[in-house]
Amino acid sequence: MKKTGLTICLFLCAWICAAQKDATVETHWITDDRTSQAYRLAFNLEVTEARAVLDKPETPQQIYAASLSEILELLITEDETAFGKYEDNYNDRIDKLEDVEPVTADALFTLAELRLQWAFTYLKFGHEVDAAWSIRQAYMQVQKCKEKFPQFVPIRKTSGVLEVMLGSIPEKYQWIISMFGMEGSVEKGLEELEWVKYAHMDLSFETALIHELTKAFILQQTSSAAAGLSKLIDEHPDQRLLLFLGGCVAIKNSESEKALGYFKTLHENQKGLAIAYADYQTGEVYLHKGEYKSSIEHYQKFLTAYTGLNYVKDAHYKIGICYWLQGKSKEAKKYFTRAATAGNESTEADRYASRSLAEATDPNIKLSKIRYATDGGYYVQAETIAASVTDSDIPSKKEKTEFVYRKARLFHKTNKLAEAKENYLRTISEAGEEPWYFAPNACLQLGYIFVDENNSAEAKKYFSKALTYKKHEYKNSIDSKAKSALARLKR
């Protein structure tokens, strides 16, 4: 949940709300121009302008739009001072909505939305207990709204997200959510989202966005999700939040060049709230591309503008890597030293940076270049570097194992599946019980290949094996993906 908190929060907040009060009559949920204007401004990250339009929100619709502007600001800036102020506003709004008499679908829907928005915000700021309670409250509001107003369309979208989220929790932990009176199903959630998408034209864009992001970050269907978001961006080329999310998913799908185009458009549109994390991601793209000067420039822009702690350690480390890959060891070590004490280790990127800095060996230049080029989708570049590797370039056992793993990833990304499987298996064999992430991720990727080949037995075997490795750099991420994949295979 922490891993996907930022992204899911952003798109959860991006819903243009509409309602179907009667089975045959559709009405817009936001009916006045002032609230509609505030919503559009907030959605485009012009949060100050949105709040100026709605000075004192009164109706559920106005409360929703006002909350949207605050949530987006918190998630993007991670401003602790603003968090306290906006949490007070949130509590006041919850009290106001709970006092609505008689109970209306508008009020119940807005209650559920605000609870869910703040559940992810609490996760972002490290308040896990508050987040869990807010999820349960959102779930209860959804059930109440569906019972009292079964034809109220927007609540199906809220319900769909909760179904997917709760349904993706591994089977061994399902008893926890059952104990709190909750249940979920990925399949049912996707069906609800599909139902809204095709039953109510006003919600088609928002539901499509949710659907694609669910595929990317919960179902790990990144290729399909990236294609879907690309289509949405073609239809809405200047929508800032969509450009940001599309870029994040494109990077996840090894389409860094496409992501670069999205981020360039985003950087050119200076309206509203700046997204410092977009500069971090742009730095990642240029690192993948091997354009180290531009990469350093964007990482430094991120560090200058960002007010939080996440990815700060990794950004310093990556600047060091950029210098290292240029042969500028003095500058590299200066940033490696800074990275050691900068930021925190909440994200896996920061933890990986910390672990890499703790190792006695320097980064292997050729292996690093292969890795980043492969991650970015620059496969010809990666293949050229891989072909130049000699035994003297990879003298240690770890480097030899990593080279096999890098070849496996490159074969997998270029759809040479027989070669990919062969090299994943070699990675597992050569790594043995070493505390490196190469073998567990090889198991995970083998599982995905066997799922695509409809070989459930082998898929389960390798997903289960991925869970047996201890204390490697990406354990939380790999374990979560393996558990979710096993849960889906059992359903």
# chains A, B, ... in the order shown; residues from 1 in each chain; ligands from 1
call {"tool": "closest_atom_pairs", "arguments": {"of": "range 334-412 of chain A", "to": "range 453-475 of chain A", "cutoff": "8 Å", "atoms": "only C-alpha atoms", "output": "CSV"}}
result
residue,atom,partner,partner_atom,distance
A:Glu348,CA,A:Tyr474,CA,6.4
A:Arg351,CA,A:Glu473,CA,7.0
A:Tyr352,CA,A:Glu473,CA,5.6
A:Arg355,CA,A:Glu473,CA,7.3
call {"tool": "residues_around", "arguments": {"residues": "range 403-411 of chain A", "least_positions_apart": "2", "cutoff": "10 Å", "atoms": "only C-alpha atoms", "output": "PyMOL selection string"}}
result
chain A and resi 366-368+370-371+373-375+377-380+382-383+386+389+394+397-401+413-428+430-431+437-439+441-442+445
call {"tool": "write_last_selection", "arguments": {"atoms": "N, CA and C atoms", "output": "compact mmCIF listing (two decimals), in the first residue's frame"}}
result
# COMPACT_ATOMS: atom_id res chain seq x y z
N LYS A 366 30.05 -1.08 -16.54
CA LYS A 366 29.33 -1.71 -17.65
C LYS A 366 28.01 -2.32 -17.20
N LEU A 367 27.99 -3.00 -16.08
CA LEU A 367 26.75 -3.59 -15.59
C LEU A 367 25.73 -2.51 -15.27
N SER A 368 26.17 -1.41 -14.69
CA SER A 368 25.25 -0.30 -14.38
C SER A 368 24.64 0.27 -15.66
N ILE A 370 24.24 -1.28 -18.52
CA ILE A 370 23.29 -2.26 -19.06
C ILE A 370 21.98 -2.18 -18.31
N ARG A 371 22.08 -2.12 -17.00
CA ARG A 371 20.87 -2.07 -16.17
C ARG A 371 20.01 -0.86 -16.52
N ALA A 373 20.03 1.19 -19.13
CA ALA A 373 19.54 1.20 -20.51
C ALA A 373 18.38 0.22 -20.67
N THR A 374 18.47 -0.95 -20.05
CA THR A 374 17.38 -1.92 -20.11
C THR A 374 16.13 -1.39 -19.40
N ASP A 375 16.33 -0.81 -18.23
CA ASP A 375 15.19 -0.26 -17.49
C ASP A 375 14.45 0.79 -18.29
N GLY A 377 14.28 0.98 -21.63
CA GLY A 377 13.82 0.55 -22.93
C GLY A 377 14.79 0.87 -24.06
N TYR A 378 16.02 1.22 -23.73
CA TYR A 378 17.04 1.50 -24.74
C TYR A 378 17.81 0.20 -24.99
N TYR A 379 17.14 -0.73 -25.64
CA TYR A 379 17.63 -2.11 -25.72
C TYR A 379 18.84 -2.27 -26.64
N VAL A 380 18.89 -1.55 -27.74
CA VAL A 380 20.04 -1.64 -28.63
C VAL A 380 21.30 -1.18 -27.90
N ALA A 382 21.75 -1.27 -24.66
CA ALA A 382 22.06 -2.29 -23.65
C ALA A 382 22.74 -3.50 -24.29
N GLU A 383 22.23 -3.92 -25.44
CA GLU A 383 22.81 -5.09 -26.13
C GLU A 383 24.25 -4.81 -26.57
N ALA A 386 26.41 -5.02 -23.47
CA ALA A 386 26.50 -6.41 -23.02
C ALA A 386 27.46 -7.22 -23.89
N VAL A 389 31.20 -6.94 -22.87
CA VAL A 389 31.66 -7.38 -21.55
C VAL A 389 32.61 -8.57 -21.68
N ILE A 394 34.05 -8.38 -15.14
CA ILE A 394 33.18 -8.90 -14.08
C ILE A 394 33.96 -9.91 -13.24
N LYS A 397 32.14 -12.96 -8.04
CA LYS A 397 30.97 -13.83 -8.18
C LYS A 397 29.69 -13.02 -8.34
N LYS A 398 29.55 -11.97 -7.53
CA LYS A 398 28.35 -11.15 -7.62
C LYS A 398 28.21 -10.51 -8.99
N GLU A 399 29.30 -10.00 -9.53
CA GLU A 399 29.24 -9.35 -10.84
C GLU A 399 28.94 -10.36 -11.94
N LYS A 400 29.51 -11.55 -11.83
CA LYS A 400 29.22 -12.58 -12.84
C LYS A 400 27.74 -12.97 -12.79
N THR A 401 27.21 -13.12 -11.57
CA THR A 401 25.79 -13.46 -11.41
C THR A 401 24.91 -12.34 -11.93
N LYS A 413 12.72 -8.45 -21.81
CA LYS A 413 12.16 -7.20 -22.31
C LYS A 413 12.03 -7.21 -23.83
N THR A 414 12.90 -7.94 -24.50
CA THR A 414 12.85 -8.00 -25.97
C THR A 414 12.10 -9.25 -26.46
N ASN A 415 11.38 -9.86 -25.54
CA ASN A 415 10.48 -10.97 -25.86
C ASN A 415 11.19 -12.22 -26.38
N LYS A 416 12.43 -12.43 -25.99
CA LYS A 416 13.16 -13.66 -26.31
C LYS A 416 13.03 -14.57 -25.09
N LEU A 417 11.86 -15.19 -24.97
CA LEU A 417 11.48 -15.82 -23.72
C LEU A 417 12.28 -17.09 -23.41
N ALA A 418 12.64 -17.86 -24.42
CA ALA A 418 13.43 -19.07 -24.17
C ALA A 418 14.78 -18.69 -23.56
N GLU A 419 15.44 -17.68 -24.14
CA GLU A 419 16.72 -17.22 -23.61
C GLU A 419 16.54 -16.58 -22.24
N ALA A 420 15.43 -15.87 -22.06
CA ALA A 420 15.17 -15.25 -20.76
C ALA A 420 15.04 -16.31 -19.67
N LYS A 421 14.24 -17.35 -19.94
CA LYS A 421 14.06 -18.41 -18.94
C LYS A 421 15.39 -19.09 -18.63
N GLU A 422 16.17 -19.36 -19.65
CA GLU A 422 17.46 -20.02 -19.44
C GLU A 422 18.36 -19.19 -18.52
N ASN A 423 18.40 -17.89 -18.74
CA ASN A 423 19.28 -17.03 -17.95
C ASN A 423 18.71 -16.73 -16.56
N TYR A 424 17.39 -16.70 -16.42
CA TYR A 424 16.81 -16.58 -15.08
C TYR A 424 17.18 -17.81 -14.25
N LEU A 425 17.08 -18.99 -14.84
CA LEU A 425 17.42 -20.22 -14.12
C LEU A 425 18.92 -20.24 -13.76
N ARG A 426 19.75 -19.76 -14.65
CA ARG A 426 21.18 -19.67 -14.35
C ARG A 426 21.43 -18.69 -13.21
N THR A 427 20.68 -17.61 -13.20
CA THR A 427 20.81 -16.62 -12.12
C THR A 427 20.50 -17.26 -10.78
N ILE A 428 19.40 -18.01 -10.72
CA ILE A 428 19.00 -18.67 -9.49
C ILE A 428 20.08 -19.64 -9.03
N GLU A 430 23.37 -19.71 -9.86
CA GLU A 430 24.66 -19.09 -9.54
C GLU A 430 24.60 -18.22 -8.28
N ALA A 431 23.44 -17.66 -8.00
CA ALA A 431 23.32 -16.80 -6.80
C ALA A 431 23.30 -17.62 -5.53
N TYR A 437 19.27 -9.45 -4.75
CA TYR A 437 17.89 -9.51 -5.26
C TYR A 437 17.79 -10.21 -6.61
N PHE A 438 18.91 -10.56 -7.22
CA PHE A 438 18.88 -11.14 -8.56
C PHE A 438 18.06 -12.43 -8.61
N ALA A 439 18.30 -13.35 -7.68
CA ALA A 439 17.60 -14.64 -7.70
C ALA A 439 16.12 -14.51 -7.38
N ASN A 441 14.14 -11.98 -7.80
CA ASN A 441 13.42 -11.34 -8.90
C ASN A 441 13.41 -12.23 -10.14
N ALA A 442 14.44 -13.06 -10.31
CA ALA A 442 14.42 -14.04 -11.40
C ALA A 442 13.25 -15.00 -11.21
N GLN A 445 9.99 -13.13 -12.07
CA GLN A 445 9.81 -12.96 -13.52
C GLN A 445 9.51 -14.28 -14.21
call {"tool": "atom_distance", "arguments": {"atom1": "CA of Lys334 in chain A", "atom2": "CA of His316 in chain A"}}
result
9.5 Å
call {"tool": "closest_residue", "arguments": {"among": "A:Phe149, A:Tyr139, A:Phe336, A:Tyr286", "to": "Tyr372 in chain A", "atoms": "only C-alpha atoms"}}
result
A:Tyr286
call {"tool": "residues_around", "arguments": {"residues": "Ala216 in chain A", "least_positions_apart": "3", "cutoff": "9 Å", "atoms": "only C-alpha atoms", "output": "ChimeraX atom specification"}}
result
/A:211-213,219-226,249,252-253
call {"tool": "write_last_selection", "arguments": {"atoms": "N, CA and C atoms", "output": "short mmCIF file (atom, residue, chain, number, x, y, z; two decimals), in the first residue's frame"}}
result
data_model
loop_
_atom_site.label_atom_id
_atom_site.label_comp_id
_atom_site.auth_asym_id
_atom_site.auth_seq_id
_atom_site.Cartn_x
_atom_site.Cartn_y
_atom_site.Cartn_z
N HIS A 211 -8.98 2.30 -13.93
CA HIS A 211 -8.78 0.94 -14.44
C HIS A 211 -7.34 0.72 -14.88
N GLU A 212 -6.80 1.68 -15.63
CA GLU A 212 -5.43 1.53 -16.13
C GLU A 212 -4.41 1.54 -15.00
N LEU A 213 -4.61 2.40 -14.01
CA LEU A 213 -3.67 2.47 -12.89
C LEU A 213 -3.78 1.24 -12.00
N LEU A 219 -2.23 -5.13 -10.49
CA LEU A 219 -2.19 -6.37 -11.27
C LEU A 219 -0.85 -6.56 -11.99
N GLN A 220 0.03 -5.54 -11.98
CA GLN A 220 1.34 -5.61 -12.64
C GLN A 220 1.22 -5.84 -14.15
N GLN A 221 0.12 -5.39 -14.75
CA GLN A 221 -0.06 -5.47 -16.19
C GLN A 221 0.37 -4.14 -16.81
N THR A 222 1.67 -3.87 -16.73
CA THR A 222 2.16 -2.54 -17.07
C THR A 222 2.06 -2.22 -18.55
N SER A 223 2.24 -3.20 -19.41
CA SER A 223 2.19 -2.93 -20.85
C SER A 223 0.80 -2.48 -21.27
N SER A 224 -0.21 -3.20 -20.80
CA SER A 224 -1.59 -2.85 -21.12
C SER A 224 -1.95 -1.49 -20.52
N ALA A 225 -1.52 -1.25 -19.28
CA ALA A 225 -1.84 0.02 -18.62
C ALA A 225 -1.17 1.19 -19.33
N ALA A 226 0.08 1.02 -19.73
CA ALA A 226 0.78 2.10 -20.42
C ALA A 226 0.11 2.44 -21.75
N VAL A 249 3.96 5.55 -15.27
CA VAL A 249 3.66 4.21 -15.76
C VAL A 249 4.54 3.87 -16.96
N LYS A 252 7.77 2.70 -15.66
CA LYS A 252 7.58 1.37 -15.11
C LYS A 252 7.55 0.32 -16.23
N ASN A 253 7.07 0.74 -17.39
CA ASN A 253 6.97 -0.17 -18.53
C ASN A 253 8.18 -0.10 -19.46
#
call {"tool": "select_by_dssp", "arguments": {"residues": "range 152-352 of chain A", "states": "alpha helix (DSSP H)", "output": "VMD selection string"}}
result
chain A and resid 154 to 167 174 to 179 186 to 199 204 to 217 222 to 235 240 to 252 256 to 268 276 to 289 292 to 305 312 to 325 329 to 341 348 to 352
call {"tool": "residues_around", "arguments": {"residues": "Ile76 in chain A", "least_positions_apart": "2", "cutoff": "10 Å", "atoms": "only C-alpha atoms", "output": "PDB file with C-alpha atoms, in the first residue's frame"}}
result
ATOM      1  CA  LEU A   6       1.200   8.476  -3.985  1.00  0.00           C
ATOM      2  CA  THR A   7      -0.014   7.378  -7.389  1.00  0.00           C
ATOM      3  CA  LEU A  10      -3.566  11.231  -7.006  1.00  0.00           C
ATOM      4  CA  LEU A  45      -3.104  21.175  -9.847  1.00  0.00           C
ATOM      5  CA  ILE A  71      -5.080  16.342  -0.803  1.00  0.00           C
ATOM      6  CA  LEU A  72      -3.180  16.932  -4.028  1.00  0.00           C
ATOM      7  CA  GLU A  73      -1.008  19.551  -2.371  1.00  0.00           C
ATOM      8  CA  LEU A  74      -0.167  17.217   0.538  1.00  0.00           C
ATOM      9  CA  GLU A  78       4.680  16.239   1.668  1.00  0.00           C
ATOM     10  CA  ASP A  79       4.477  19.461   3.692  1.00  0.00           C
ATOM     11  CA  LEU A 273       1.465  23.327  -8.204  1.00  0.00           C
ATOM     12  CA  ALA A 274       4.946  22.245  -9.259  1.00  0.00           C
ATOM     13  CA  ILE A 275       5.557  18.479  -9.157  1.00  0.00           C
ATOM     14  CA  ALA A 276       9.086  18.076  -7.843  1.00  0.00           C
ATOM     15  CA  TYR A 277       8.835  14.316  -8.224  1.00  0.00           C
ATOM     16  CA  ALA A 278       8.477  14.822 -11.979  1.00  0.00           C
ATOM     17  CA  TYR A 306      11.236  19.059  -2.768  1.00  0.00           C
ATOM     18  CA  THR A 307      10.203  19.561   0.881  1.00  0.00           C
ATOM     19  CA  GLY A 308       9.860  15.901   1.889  1.00  0.00           C
TER      20      GLY A 308
END
call {"tool": "residues_around", "arguments": {"residues": "Val164 in chain A", "least_positions_apart": "6", "cutoff": "9 Å", "atoms": "only C-alpha atoms", "output": "list in words"}}
result
Gly184, Ser185, Val186, Glu187, Lys188, Gly189, Leu190, Thr214 and Ile218 of chain A
call {"tool": "write_last_selection", "arguments": {"atoms": "C-alpha atoms", "output": "mmCIF file, in the first residue's frame"}}
result
data_model
loop_
_atom_site.group_PDB
_atom_site.id
_atom_site.type_symbol
_atom_site.label_atom_id
_atom_site.label_comp_id
_atom_site.auth_asym_id
_atom_site.auth_seq_id
_atom_site.Cartn_x
_atom_site.Cartn_y
_atom_site.Cartn_z
ATOM 1 C CA GLY A 184 -12.783 -7.612 -1.431
ATOM 2 C CA SER A 185 -12.394 -9.135 -4.854
ATOM 3 C CA VAL A 186 -10.174 -7.851 -7.651
ATOM 4 C CA GLU A 187 -12.507 -9.355 -10.243
ATOM 5 C CA LYS A 188 -15.633 -7.825 -8.670
ATOM 6 C CA GLY A 189 -13.925 -4.453 -8.337
ATOM 7 C CA LEU A 190 -12.906 -4.415 -11.978
ATOM 8 C CA THR A 214 -5.126 -0.585 -11.179
ATOM 9 C CA ILE A 218 -1.907 -3.803 -8.479
#
call {"tool": "atom_distance", "arguments": {"atom1": "CA of Ala52 in chain A", "atom2": "CA of Leu68 in chain A"}}
result
13.4 Å
call {"tool": "residues_around", "arguments": {"residues": "range 108-119 of chain A", "least_positions_apart": "6", "cutoff": "7 Å", "atoms": "only C-alpha atoms", "output": "number ranges by chain"}}
result
A: 9, 12-13, 60, 64, 94, 97, 131-132, 134-135, 137-138, 141-142, 145, 155
call {"tool": "closest_residue", "arguments": {"among": "A:Leu75, A:Ala50, A:Leu266, A:Val153", "to": "Thr35 in chain A", "atoms": "only C-alpha atoms"}}
result
A:Ala50
call {"tool": "atom_distance", "arguments": {"atom1": "CA of Ala315 in chain A", "atom2": "CA of Tyr292 in chain A"}}
result
13.0 Å
call {"tool": "closest_residue", "arguments": {"among": "A:Gly376, A:Gly228, A:Pro150, A:Gly327", "to": "Leu260 in chain A", "atoms": "only C-alpha atoms"}}
result
A:Gly376
call {"tool": "decode", "arguments": {"residues": "range 332-410 of chain A", "atoms": "C-alpha atoms", "output": "compact mmCIF listing (two decimals), in the first residue's frame"}}
result
# COMPACT_ATOMS: atom_id res chain seq x y z
CA ALA A 332 30.89 10.88 -7.50
CA LYS A 333 32.30 10.17 -4.05
CA LYS A 334 31.28 13.63 -2.85
CA TYR A 335 27.64 12.80 -3.61
CA PHE A 336 27.94 9.26 -2.28
CA THR A 337 29.07 10.79 1.02
CA ARG A 338 26.10 13.19 1.03
CA ALA A 339 23.71 10.36 0.20
CA ALA A 340 24.82 8.40 3.25
CA THR A 341 23.20 10.91 5.64
CA ALA A 342 20.53 12.50 3.42
CA GLY A 343 16.79 11.80 3.58
CA ASN A 344 15.42 8.57 5.02
CA GLU A 345 14.97 4.95 3.97
CA SER A 346 11.19 4.64 3.69
CA THR A 347 11.19 3.85 -0.02
CA GLU A 348 12.88 0.86 -1.62
CA ALA A 349 14.90 3.18 -3.86
CA ASP A 350 16.35 4.86 -0.78
CA ARG A 351 17.00 1.54 0.94
CA TYR A 352 18.77 0.21 -2.16
CA ALA A 353 20.92 3.34 -2.28
CA SER A 354 21.81 2.90 1.40
CA ARG A 355 22.72 -0.74 0.94
CA SER A 356 24.80 0.00 -2.16
CA LEU A 357 26.68 2.72 -0.29
CA ALA A 358 27.44 0.31 2.55
CA GLU A 359 29.18 -2.15 0.21
CA ALA A 360 32.96 -2.04 -0.03
CA THR A 361 32.99 -2.33 -3.83
CA ASP A 362 32.44 0.45 -6.35
CA PRO A 363 29.58 0.23 -8.89
CA ASN A 364 30.49 -1.79 -11.98
CA ILE A 365 30.32 0.67 -14.86
CA LYS A 366 29.33 -1.71 -17.65
CA LEU A 367 26.75 -3.59 -15.59
CA SER A 368 25.25 -0.30 -14.38
CA LYS A 369 24.96 0.98 -17.93
CA ILE A 370 23.29 -2.26 -19.06
CA ARG A 371 20.87 -2.07 -16.17
CA TYR A 372 19.79 1.53 -16.73
CA ALA A 373 19.54 1.20 -20.51
CA THR A 374 17.38 -1.92 -20.11
CA ASP A 375 15.19 -0.26 -17.49
CA GLY A 376 14.56 2.63 -19.85
CA GLY A 377 13.82 0.55 -22.93
CA TYR A 378 17.04 1.50 -24.74
CA TYR A 379 17.63 -2.11 -25.72
CA VAL A 380 20.04 -1.64 -28.63
CA GLN A 381 22.28 0.40 -26.36
CA ALA A 382 22.06 -2.29 -23.65
CA GLU A 383 22.81 -5.09 -26.13
CA THR A 384 25.87 -3.23 -27.46
CA ILE A 385 27.31 -2.80 -23.98
CA ALA A 386 26.50 -6.41 -23.02
CA ALA A 387 28.33 -7.68 -26.11
CA SER A 388 31.47 -5.81 -25.03
CA VAL A 389 31.66 -7.38 -21.55
CA THR A 390 34.71 -9.59 -20.94
CA ASP A 391 35.69 -11.74 -17.96
CA SER A 392 37.98 -9.00 -16.72
CA ASP A 393 34.99 -6.62 -16.56
CA ILE A 394 33.18 -8.90 -14.08
CA PRO A 395 35.82 -10.39 -11.76
CA SER A 396 33.66 -11.19 -8.69
CA LYS A 397 30.97 -13.83 -8.18
CA LYS A 398 28.35 -11.15 -7.62
CA GLU A 399 29.24 -9.35 -10.84
CA LYS A 400 29.22 -12.58 -12.84
CA THR A 401 25.79 -13.46 -11.41
CA GLU A 402 24.49 -9.98 -12.07
CA PHE A 403 25.65 -10.14 -15.69
CA VAL A 404 23.61 -13.31 -16.23
CA TYR A 405 20.64 -11.62 -14.57
CA ARG A 406 21.02 -8.50 -16.71
CA LYS A 407 21.02 -10.64 -19.84
CA ALA A 408 17.89 -12.40 -18.62
CA ARG A 409 16.12 -9.07 -18.11
CA LEU A 410 17.20 -7.87 -21.55
